[in-house]
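Here is start.cif, consisting of mmCIF, N, CA and C atoms:
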```
data_final
#
loop_
_atom_site.label_atom_id
_atom_site.label_comp_id
_atom_site.auth_asym_id
_atom_site.auth_seq_id
_atom_site.Cartn_x
_atom_site.Cartn_y
_atom_site.Cartn_z
N MET A 1 205.61 19.20 310.80
CA MET A 1 206.75 18.61 311.47
C MET A 1 206.23 17.70 312.59
N PRO A 2 206.68 16.47 312.62
CA PRO A 2 206.24 15.55 313.67
C PRO A 2 206.73 16.01 315.05
N VAL A 3 205.95 15.67 316.07
CA VAL A 3 206.31 16.05 317.43
C VAL A 3 207.70 15.54 317.79
N SER A 4 208.07 14.37 317.31
CA SER A 4 209.38 13.80 317.63
C SER A 4 210.53 14.66 317.16
N GLU A 5 210.28 15.56 316.19
CA GLU A 5 211.32 16.44 315.67
C GLU A 5 211.29 17.83 316.31
N MET A 6 210.33 18.09 317.17
CA MET A 6 210.20 19.41 317.80
C MET A 6 210.97 19.46 319.10
N ASP A 7 211.48 20.64 319.41
CA ASP A 7 212.11 20.80 320.72
C ASP A 7 211.05 21.28 321.72
N GLU A 8 211.42 21.33 322.98
CA GLU A 8 210.46 21.67 324.04
C GLU A 8 209.87 23.06 323.84
N THR A 9 210.66 24.00 323.36
CA THR A 9 210.16 25.36 323.13
C THR A 9 209.05 25.37 322.09
N GLN A 10 209.23 24.62 321.00
CA GLN A 10 208.20 24.56 319.96
C GLN A 10 206.93 23.90 320.48
N ILE A 11 207.09 22.84 321.26
CA ILE A 11 205.93 22.14 321.80
C ILE A 11 205.16 23.06 322.74
N LYS A 12 205.85 23.77 323.61
CA LYS A 12 205.19 24.70 324.54
C LYS A 12 204.41 25.76 323.76
N LYS A 13 205.03 26.30 322.72
CA LYS A 13 204.38 27.36 321.94
C LYS A 13 203.11 26.84 321.26
N LEU A 14 203.21 25.69 320.61
CA LEU A 14 202.05 25.14 319.89
C LEU A 14 200.94 24.70 320.84
N LEU A 15 201.31 24.11 321.96
CA LEU A 15 200.33 23.72 322.96
C LEU A 15 199.62 24.96 323.51
N GLY A 16 200.38 25.99 323.80
CA GLY A 16 199.79 27.25 324.28
C GLY A 16 198.85 27.87 323.27
N GLU A 17 199.23 27.82 321.99
CA GLU A 17 198.36 28.37 320.94
C GLU A 17 197.05 27.59 320.86
N ASN A 18 197.12 26.27 321.00
CA ASN A 18 195.90 25.46 320.96
C ASN A 18 194.99 25.78 322.14
N ILE A 19 195.56 25.95 323.31
CA ILE A 19 194.75 26.28 324.49
C ILE A 19 194.14 27.67 324.33
N ARG A 20 194.91 28.62 323.80
CA ARG A 20 194.37 29.97 323.53
C ARG A 20 193.21 29.88 322.55
N ARG A 21 193.37 29.06 321.51
CA ARG A 21 192.32 28.91 320.50
C ARG A 21 191.05 28.33 321.12
N ILE A 22 191.20 27.38 322.03
CA ILE A 22 190.05 26.81 322.73
C ILE A 22 189.36 27.90 323.54
N ARG A 23 190.15 28.70 324.28
CA ARG A 23 189.58 29.78 325.10
C ARG A 23 188.85 30.78 324.22
N TRP A 24 189.46 31.18 323.12
CA TRP A 24 188.80 32.12 322.20
C TRP A 24 187.51 31.54 321.65
N GLY A 25 187.53 30.26 321.34
CA GLY A 25 186.33 29.60 320.82
C GLY A 25 185.17 29.63 321.80
N LYS A 26 185.50 29.74 323.08
CA LYS A 26 184.46 29.82 324.12
C LYS A 26 184.17 31.28 324.49
N ASN A 27 184.84 32.21 323.81
CA ASN A 27 184.67 33.66 324.06
C ASN A 27 184.90 34.02 325.53
N LEU A 28 185.98 33.49 326.09
CA LEU A 28 186.29 33.75 327.50
C LEU A 28 187.59 34.52 327.63
N THR A 29 187.63 35.38 328.64
CA THR A 29 188.87 36.06 328.99
C THR A 29 189.80 35.05 329.67
N GLN A 30 191.06 35.42 329.80
CA GLN A 30 191.98 34.56 330.53
C GLN A 30 191.51 34.37 331.96
N GLU A 31 190.98 35.42 332.56
CA GLU A 31 190.51 35.33 333.95
C GLU A 31 189.37 34.32 334.09
N ALA A 32 188.38 34.41 333.21
CA ALA A 32 187.22 33.51 333.29
C ALA A 32 187.62 32.07 332.98
N PHE A 33 188.45 31.88 331.97
CA PHE A 33 188.90 30.54 331.57
C PHE A 33 189.72 29.91 332.69
N SER A 34 190.66 30.68 333.24
CA SER A 34 191.54 30.13 334.28
C SER A 34 190.75 29.77 335.54
N GLU A 35 189.73 30.55 335.84
CA GLU A 35 188.89 30.24 337.00
C GLU A 35 188.18 28.90 336.81
N LYS A 36 187.69 28.67 335.60
CA LYS A 36 186.96 27.43 335.33
C LYS A 36 187.86 26.19 335.38
N ILE A 37 189.16 26.37 335.08
CA ILE A 37 190.06 25.21 335.07
C ILE A 37 190.94 25.15 336.32
N GLY A 38 190.74 26.09 337.23
CA GLY A 38 191.40 26.03 338.53
C GLY A 38 192.86 26.44 338.58
N ILE A 39 193.24 27.41 337.72
CA ILE A 39 194.60 27.94 337.80
C ILE A 39 194.56 29.46 337.84
N GLU A 40 195.68 30.06 338.16
CA GLU A 40 195.78 31.52 338.19
C GLU A 40 195.83 32.07 336.75
N PRO A 41 195.28 33.26 336.53
CA PRO A 41 195.37 33.87 335.19
C PRO A 41 196.81 34.02 334.71
N SER A 42 197.72 34.32 335.62
CA SER A 42 199.13 34.46 335.22
C SER A 42 199.69 33.13 334.74
N SER A 43 199.26 32.03 335.33
CA SER A 43 199.70 30.71 334.88
C SER A 43 199.16 30.42 333.48
N LEU A 44 197.89 30.77 333.25
CA LEU A 44 197.30 30.58 331.92
C LEU A 44 198.05 31.43 330.90
N SER A 45 198.37 32.65 331.25
CA SER A 45 199.12 33.52 330.35
C SER A 45 200.46 32.89 329.98
N ASN A 46 201.16 32.34 330.97
CA ASN A 46 202.45 31.69 330.70
C ASN A 46 202.28 30.48 329.79
N ILE A 47 201.20 29.72 329.98
CA ILE A 47 200.94 28.56 329.13
C ILE A 47 200.65 29.02 327.70
N GLU A 48 199.74 29.99 327.56
CA GLU A 48 199.36 30.46 326.22
C GLU A 48 200.52 31.10 325.47
N ASN A 49 201.45 31.69 326.20
CA ASN A 49 202.61 32.34 325.57
C ASN A 49 203.79 31.39 325.39
N GLY A 50 203.59 30.12 325.71
CA GLY A 50 204.64 29.13 325.51
C GLY A 50 205.78 29.20 326.50
N LYS A 51 205.53 29.84 327.65
CA LYS A 51 206.58 29.95 328.67
C LYS A 51 206.59 28.76 329.62
N SER A 52 205.45 28.09 329.74
CA SER A 52 205.38 26.92 330.61
C SER A 52 204.38 25.91 330.05
N LEU A 53 204.52 24.69 330.53
CA LEU A 53 203.60 23.62 330.12
C LEU A 53 202.49 23.47 331.15
N PRO A 54 201.28 23.17 330.70
CA PRO A 54 200.20 22.92 331.67
C PRO A 54 200.41 21.58 332.36
N SER A 55 199.93 21.49 333.58
CA SER A 55 200.00 20.21 334.28
C SER A 55 198.98 19.25 333.66
N THR A 56 199.13 17.99 333.98
CA THR A 56 198.17 16.99 333.52
C THR A 56 196.78 17.32 334.04
N LEU A 57 196.68 17.75 335.29
CA LEU A 57 195.39 18.12 335.87
C LEU A 57 194.76 19.29 335.12
N THR A 58 195.55 20.26 334.73
CA THR A 58 195.03 21.40 333.97
C THR A 58 194.47 20.94 332.63
N ILE A 59 195.17 20.05 331.96
CA ILE A 59 194.70 19.53 330.67
C ILE A 59 193.39 18.77 330.87
N ILE A 60 193.32 17.95 331.89
CA ILE A 60 192.09 17.21 332.18
C ILE A 60 190.94 18.17 332.47
N ASN A 61 191.22 19.22 333.24
CA ASN A 61 190.17 20.21 333.56
C ASN A 61 189.69 20.94 332.31
N ILE A 62 190.60 21.24 331.38
CA ILE A 62 190.19 21.87 330.12
C ILE A 62 189.27 20.93 329.35
N GLN A 63 189.65 19.67 329.28
CA GLN A 63 188.82 18.68 328.57
C GLN A 63 187.44 18.55 329.21
N ARG A 64 187.39 18.47 330.53
CA ARG A 64 186.10 18.29 331.23
C ARG A 64 185.23 19.53 331.15
N GLN A 65 185.80 20.69 331.45
CA GLN A 65 185.02 21.92 331.51
C GLN A 65 184.49 22.35 330.15
N PHE A 66 185.26 22.09 329.10
CA PHE A 66 184.90 22.62 327.79
C PHE A 66 184.62 21.55 326.75
N GLU A 67 184.58 20.27 327.21
CA GLU A 67 184.25 19.16 326.34
C GLU A 67 185.06 19.18 325.05
N VAL A 68 186.38 19.25 325.22
CA VAL A 68 187.27 19.22 324.06
C VAL A 68 188.03 17.89 324.06
N SER A 69 188.37 17.45 322.89
CA SER A 69 189.09 16.19 322.75
C SER A 69 190.59 16.42 322.95
N PRO A 70 191.31 15.37 323.29
CA PRO A 70 192.77 15.51 323.39
C PRO A 70 193.37 16.01 322.07
N ASN A 71 192.76 15.62 320.96
CA ASN A 71 193.27 16.07 319.67
C ASN A 71 193.21 17.59 319.53
N GLU A 72 192.17 18.22 320.07
CA GLU A 72 192.06 19.67 320.00
C GLU A 72 193.19 20.35 320.78
N ILE A 73 193.64 19.70 321.82
CA ILE A 73 194.71 20.26 322.64
C ILE A 73 196.08 19.94 322.05
N PHE A 74 196.25 18.72 321.56
CA PHE A 74 197.57 18.26 321.14
C PHE A 74 197.80 18.19 319.65
N ASP A 75 196.89 18.69 318.84
CA ASP A 75 197.09 18.71 317.39
C ASP A 75 198.04 19.86 317.06
N PHE A 76 199.26 19.51 316.68
CA PHE A 76 200.28 20.52 316.39
C PHE A 76 200.51 20.71 314.90
N ASP A 77 199.50 20.44 314.11
CA ASP A 77 199.61 20.64 312.67
C ASP A 77 199.84 22.12 312.40
N ILE A 78 200.99 22.45 311.89
CA ILE A 78 201.37 23.84 311.65
C ILE A 78 200.44 24.52 310.65
N ASP A 79 199.90 23.77 309.71
CA ASP A 79 199.02 24.34 308.69
C ASP A 79 197.58 24.49 309.17
N TYR A 80 197.36 24.22 310.45
CA TYR A 80 196.04 24.31 311.04
C TYR A 80 195.44 25.69 310.76
N LEU A 81 194.20 25.72 310.34
CA LEU A 81 193.57 27.02 310.09
C LEU A 81 193.36 27.75 311.41
N ARG A 82 193.88 28.92 311.49
CA ARG A 82 193.79 29.72 312.70
C ARG A 82 192.44 30.43 312.76
N SER A 83 192.01 30.75 313.96
CA SER A 83 190.75 31.49 314.10
C SER A 83 190.97 32.92 313.63
N ALA A 84 189.89 33.57 313.26
CA ALA A 84 189.97 34.95 312.81
C ALA A 84 190.57 35.84 313.89
N GLN A 85 190.18 35.63 315.13
CA GLN A 85 190.69 36.45 316.23
C GLN A 85 192.20 36.26 316.38
N TYR A 86 192.66 35.02 316.26
CA TYR A 86 194.10 34.75 316.36
C TYR A 86 194.85 35.49 315.26
N LEU A 87 194.35 35.38 314.02
CA LEU A 87 195.00 36.05 312.90
C LEU A 87 195.02 37.56 313.09
N GLU A 88 193.90 38.12 313.55
CA GLU A 88 193.84 39.56 313.77
C GLU A 88 194.85 40.00 314.81
N GLU A 89 194.96 39.26 315.90
CA GLU A 89 195.92 39.62 316.94
C GLU A 89 197.35 39.51 316.45
N GLU A 90 197.65 38.48 315.68
CA GLU A 90 199.00 38.31 315.14
C GLU A 90 199.33 39.45 314.18
N ILE A 91 198.39 39.79 313.31
CA ILE A 91 198.61 40.87 312.34
C ILE A 91 198.78 42.21 313.07
N CYS A 92 197.91 42.49 314.02
CA CYS A 92 197.99 43.75 314.77
C CYS A 92 199.31 43.86 315.53
N GLY A 93 199.74 42.76 316.11
CA GLY A 93 201.02 42.76 316.82
C GLY A 93 202.18 43.07 315.90
N ALA A 94 202.15 42.49 314.70
CA ALA A 94 203.21 42.74 313.72
C ALA A 94 203.19 44.19 313.25
N VAL A 95 202.00 44.71 312.97
CA VAL A 95 201.87 46.07 312.47
C VAL A 95 202.33 47.09 313.51
N LYS A 96 202.07 46.83 314.78
CA LYS A 96 202.50 47.75 315.84
C LYS A 96 204.02 47.97 315.82
N ALA A 97 204.75 46.95 315.38
CA ALA A 97 206.21 47.06 315.34
C ALA A 97 206.71 47.83 314.12
N PHE A 98 205.85 48.08 313.14
CA PHE A 98 206.24 48.80 311.93
C PHE A 98 206.50 50.27 312.24
N ASP A 99 207.43 50.87 311.49
CA ASP A 99 207.58 52.32 311.58
C ASP A 99 206.45 52.95 310.75
N MET A 100 206.32 54.26 310.82
CA MET A 100 205.19 54.94 310.18
C MET A 100 205.18 54.74 308.66
N GLU A 101 206.33 54.72 308.03
CA GLU A 101 206.37 54.53 306.58
C GLU A 101 205.84 53.15 306.18
N ARG A 102 206.22 52.13 306.89
CA ARG A 102 205.72 50.79 306.59
C ARG A 102 204.22 50.69 306.84
N LYS A 103 203.74 51.37 307.88
CA LYS A 103 202.30 51.39 308.15
C LYS A 103 201.55 52.04 307.00
N ARG A 104 202.11 53.13 306.44
CA ARG A 104 201.46 53.80 305.30
C ARG A 104 201.41 52.88 304.07
N VAL A 105 202.51 52.18 303.82
CA VAL A 105 202.56 51.25 302.69
C VAL A 105 201.53 50.14 302.88
N LEU A 106 201.49 49.57 304.07
CA LEU A 106 200.53 48.51 304.35
C LEU A 106 199.10 49.02 304.19
N TYR A 107 198.83 50.22 304.67
CA TYR A 107 197.50 50.81 304.53
C TYR A 107 197.10 50.89 303.06
N LYS A 108 198.03 51.34 302.21
CA LYS A 108 197.73 51.43 300.79
C LYS A 108 197.45 50.07 300.17
N ILE A 109 198.21 49.07 300.59
CA ILE A 109 197.99 47.71 300.09
C ILE A 109 196.61 47.21 300.50
N VAL A 110 196.29 47.35 301.78
CA VAL A 110 195.01 46.87 302.29
C VAL A 110 193.86 47.61 301.62
N LYS A 111 194.03 48.91 301.42
CA LYS A 111 192.97 49.70 300.81
C LYS A 111 192.70 49.25 299.37
N THR A 112 193.75 48.84 298.65
CA THR A 112 193.56 48.42 297.26
C THR A 112 192.93 47.05 297.14
N ILE A 113 193.12 46.18 298.15
CA ILE A 113 192.54 44.83 298.05
C ILE A 113 191.23 44.69 298.80
N LYS A 114 190.81 45.74 299.46
CA LYS A 114 189.56 45.69 300.22
C LYS A 114 188.41 45.37 299.29
N ILE A 115 187.63 44.37 299.69
CA ILE A 115 186.51 43.92 298.84
C ILE A 115 185.21 44.43 299.40
#
```
Representation of the structure as structure tokens:
Amino acid sequence: MPVSEMDETQIKKLLGENIRRIRWGKNLTQEAFSEKIGIEPSSLSNIENGKSLPSTLTIINIQRQFEVSPNEIFDFDIDYLRSAQYLEEEICGAVKAFDMERKRVLYKIVKTIKI
């Protein structure tokens, strides 16, 4: 979906996901990453969770500190391959919401496809 068709909520979410992916790629905690870019960890958390937009200065600091291109920050291609850590966190978050019966079913499925 082109950016021109996205609403502000979608843009915040995708931008936050890209910044989280950059942080994960550097193997940094929110605390360490936020310190390097000059913001509070709570602000970084809000950005990564799509609750707020980063300032222009924050984006520039991310680019300078971690040598990332604007495309890495602003590429909102939905089909973008997610990092393994991102996928694991998304899956774990979804599974936590399952009741015990669904967890048992999922366990059986995973056990049968385990290679």
Check your understanding: Got a sec to check which residues sit within 12 Å of (191.0, 29.0, 337.9), counting only C-alpha atoms, and write them as a PyMOL selection string?
Key -> chain A and resi 29-45+57-58+61-62+65
Emit the selected residues as a PDB file, in the frame of the given file, including N, CA and C atoms.
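The resulting again.pdb:
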```pdb
ATOM      1  N   THR A  29     187.630  35.380 328.640  1.00  0.00           N
ATOM      2  CA  THR A  29     188.870  36.060 328.990  1.00  0.00           C
ATOM      3  C   THR A  29     189.800  35.050 329.670  1.00  0.00           C
ATOM      4  N   GLN A  30     191.060  35.420 329.800  1.00  0.00           N
ATOM      5  CA  GLN A  30     191.980  34.560 330.530  1.00  0.00           C
ATOM      6  C   GLN A  30     191.510  34.370 331.960  1.00  0.00           C
ATOM      7  N   GLU A  31     190.980  35.420 332.560  1.00  0.00           N
ATOM      8  CA  GLU A  31     190.510  35.330 333.950  1.00  0.00           C
ATOM      9  C   GLU A  31     189.370  34.320 334.090  1.00  0.00           C
ATOM     10  N   ALA A  32     188.380  34.410 333.210  1.00  0.00           N
ATOM     11  CA  ALA A  32     187.220  33.510 333.290  1.00  0.00           C
ATOM     12  C   ALA A  32     187.620  32.070 332.980  1.00  0.00           C
ATOM     13  N   PHE A  33     188.450  31.880 331.970  1.00  0.00           N
ATOM     14  CA  PHE A  33     188.900  30.540 331.570  1.00  0.00           C
ATOM     15  C   PHE A  33     189.720  29.910 332.690  1.00  0.00           C
ATOM     16  N   SER A  34     190.660  30.680 333.240  1.00  0.00           N
ATOM     17  CA  SER A  34     191.540  30.130 334.280  1.00  0.00           C
ATOM     18  C   SER A  34     190.750  29.770 335.540  1.00  0.00           C
ATOM     19  N   GLU A  35     189.730  30.550 335.840  1.00  0.00           N
ATOM     20  CA  GLU A  35     188.890  30.240 337.000  1.00  0.00           C
ATOM     21  C   GLU A  35     188.180  28.900 336.810  1.00  0.00           C
ATOM     22  N   LYS A  36     187.690  28.670 335.600  1.00  0.00           N
ATOM     23  CA  LYS A  36     186.960  27.430 335.330  1.00  0.00           C
ATOM     24  C   LYS A  36     187.860  26.190 335.380  1.00  0.00           C
ATOM     25  N   ILE A  37     189.160  26.370 335.080  1.00  0.00           N
ATOM     26  CA  ILE A  37     190.060  25.210 335.070  1.00  0.00           C
ATOM     27  C   ILE A  37     190.940  25.150 336.320  1.00  0.00           C
ATOM     28  N   GLY A  38     190.740  26.090 337.230  1.00  0.00           N
ATOM     29  CA  GLY A  38     191.400  26.030 338.530  1.00  0.00           C
ATOM     30  C   GLY A  38     192.860  26.440 338.580  1.00  0.00           C
ATOM     31  N   ILE A  39     193.240  27.410 337.720  1.00  0.00           N
ATOM     32  CA  ILE A  39     194.600  27.940 337.800  1.00  0.00           C
ATOM     33  C   ILE A  39     194.560  29.460 337.840  1.00  0.00           C
ATOM     34  N   GLU A  40     195.680  30.060 338.160  1.00  0.00           N
ATOM     35  CA  GLU A  40     195.780  31.520 338.190  1.00  0.00           C
ATOM     36  C   GLU A  40     195.830  32.070 336.750  1.00  0.00           C
ATOM     37  N   PRO A  41     195.280  33.260 336.530  1.00  0.00           N
ATOM     38  CA  PRO A  41     195.370  33.870 335.190  1.00  0.00           C
ATOM     39  C   PRO A  41     196.810  34.020 334.710  1.00  0.00           C
ATOM     40  N   SER A  42     197.720  34.320 335.620  1.00  0.00           N
ATOM     41  CA  SER A  42     199.130  34.460 335.220  1.00  0.00           C
ATOM     42  C   SER A  42     199.690  33.130 334.740  1.00  0.00           C
ATOM     43  N   SER A  43     199.260  32.030 335.330  1.00  0.00           N
ATOM     44  CA  SER A  43     199.700  30.710 334.880  1.00  0.00           C
ATOM     45  C   SER A  43     199.160  30.420 333.480  1.00  0.00           C
ATOM     46  N   LEU A  44     197.890  30.770 333.250  1.00  0.00           N
ATOM     47  CA  LEU A  44     197.300  30.580 331.920  1.00  0.00           C
ATOM     48  C   LEU A  44     198.050  31.430 330.900  1.00  0.00           C
ATOM     49  N   SER A  45     198.370  32.650 331.250  1.00  0.00           N
ATOM     50  CA  SER A  45     199.120  33.520 330.350  1.00  0.00           C
ATOM     51  C   SER A  45     200.460  32.890 329.980  1.00  0.00           C
ATOM     52  N   LEU A  57     196.680  17.750 335.290  1.00  0.00           N
ATOM     53  CA  LEU A  57     195.390  18.120 335.870  1.00  0.00           C
ATOM     54  C   LEU A  57     194.760  19.290 335.120  1.00  0.00           C
ATOM     55  N   THR A  58     195.550  20.260 334.730  1.00  0.00           N
ATOM     56  CA  THR A  58     195.030  21.400 333.970  1.00  0.00           C
ATOM     57  C   THR A  58     194.470  20.940 332.630  1.00  0.00           C
ATOM     58  N   ASN A  61     191.220  19.220 333.240  1.00  0.00           N
ATOM     59  CA  ASN A  61     190.170  20.210 333.560  1.00  0.00           C
ATOM     60  C   ASN A  61     189.690  20.940 332.310  1.00  0.00           C
ATOM     61  N   ILE A  62     190.600  21.240 331.380  1.00  0.00           N
ATOM     62  CA  ILE A  62     190.190  21.870 330.120  1.00  0.00           C
ATOM     63  C   ILE A  62     189.270  20.930 329.350  1.00  0.00           C
ATOM     64  N   GLN A  65     185.800  20.690 331.450  1.00  0.00           N
ATOM     65  CA  GLN A  65     185.020  21.920 331.510  1.00  0.00           C
ATOM     66  C   GLN A  65     184.490  22.350 330.150  1.00  0.00           C
TER      67      GLN A  65
END
```
Q.
Which residue is closest to Lys26 of chain A? Choose from A:Glu67, A:Glu89, A:Glu48, A:Glu8 and count only C-alpha atoms.
A.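 Among A:Glu67, A:Glu89, A:Glu48, A:Glu8, it is A:Glu67 that comes nearest to Lys26 of chain A.
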re atom C of Ile19 of chain A and atom C of Glu5 of chain A: distance 21.3 Å
TODO: Identify the residues within 7 Å of coordinate (191.9, 31.3, 320.0) (same frame as the file), considering only C-alpha atoms, and give the answer as a VMD selection string.
DONE: chain A and resid 20 to 25 83 85 to 86
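When atom CA of Asp7 of chain A is paired with atom N of Ile60 of chain A, their separation reads 22.0 Å.
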>> Between A:Lys51, A:Asn27, A:Val110, A:Gln63, which residue has the minimum interatomic distance to Lys12 of chain A, considering all atoms listed in the file?
In response: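 Answer, going by the shortest atom-to-atom distance: A:Lys51.
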Check your understanding: Which residue gives the smallest distance to Glu72 of chain A among A:Ala94, A:Ile109, A:Met100, A:Leu14, with only C-alpha atoms counted?
Key ->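 With only C-alpha atoms as the atom set, the closest residue is A:Leu14.
Run against this file, the PyMOL selection byres (((chain A and resi 53 and name CA) around 9) and name CA) gives back Ile11, Lys12, Leu15, Gly16, Asn46, Ile47, Glu48, Gly50, Lys51, Ser52, Pro54 and Ser55 of chain A.
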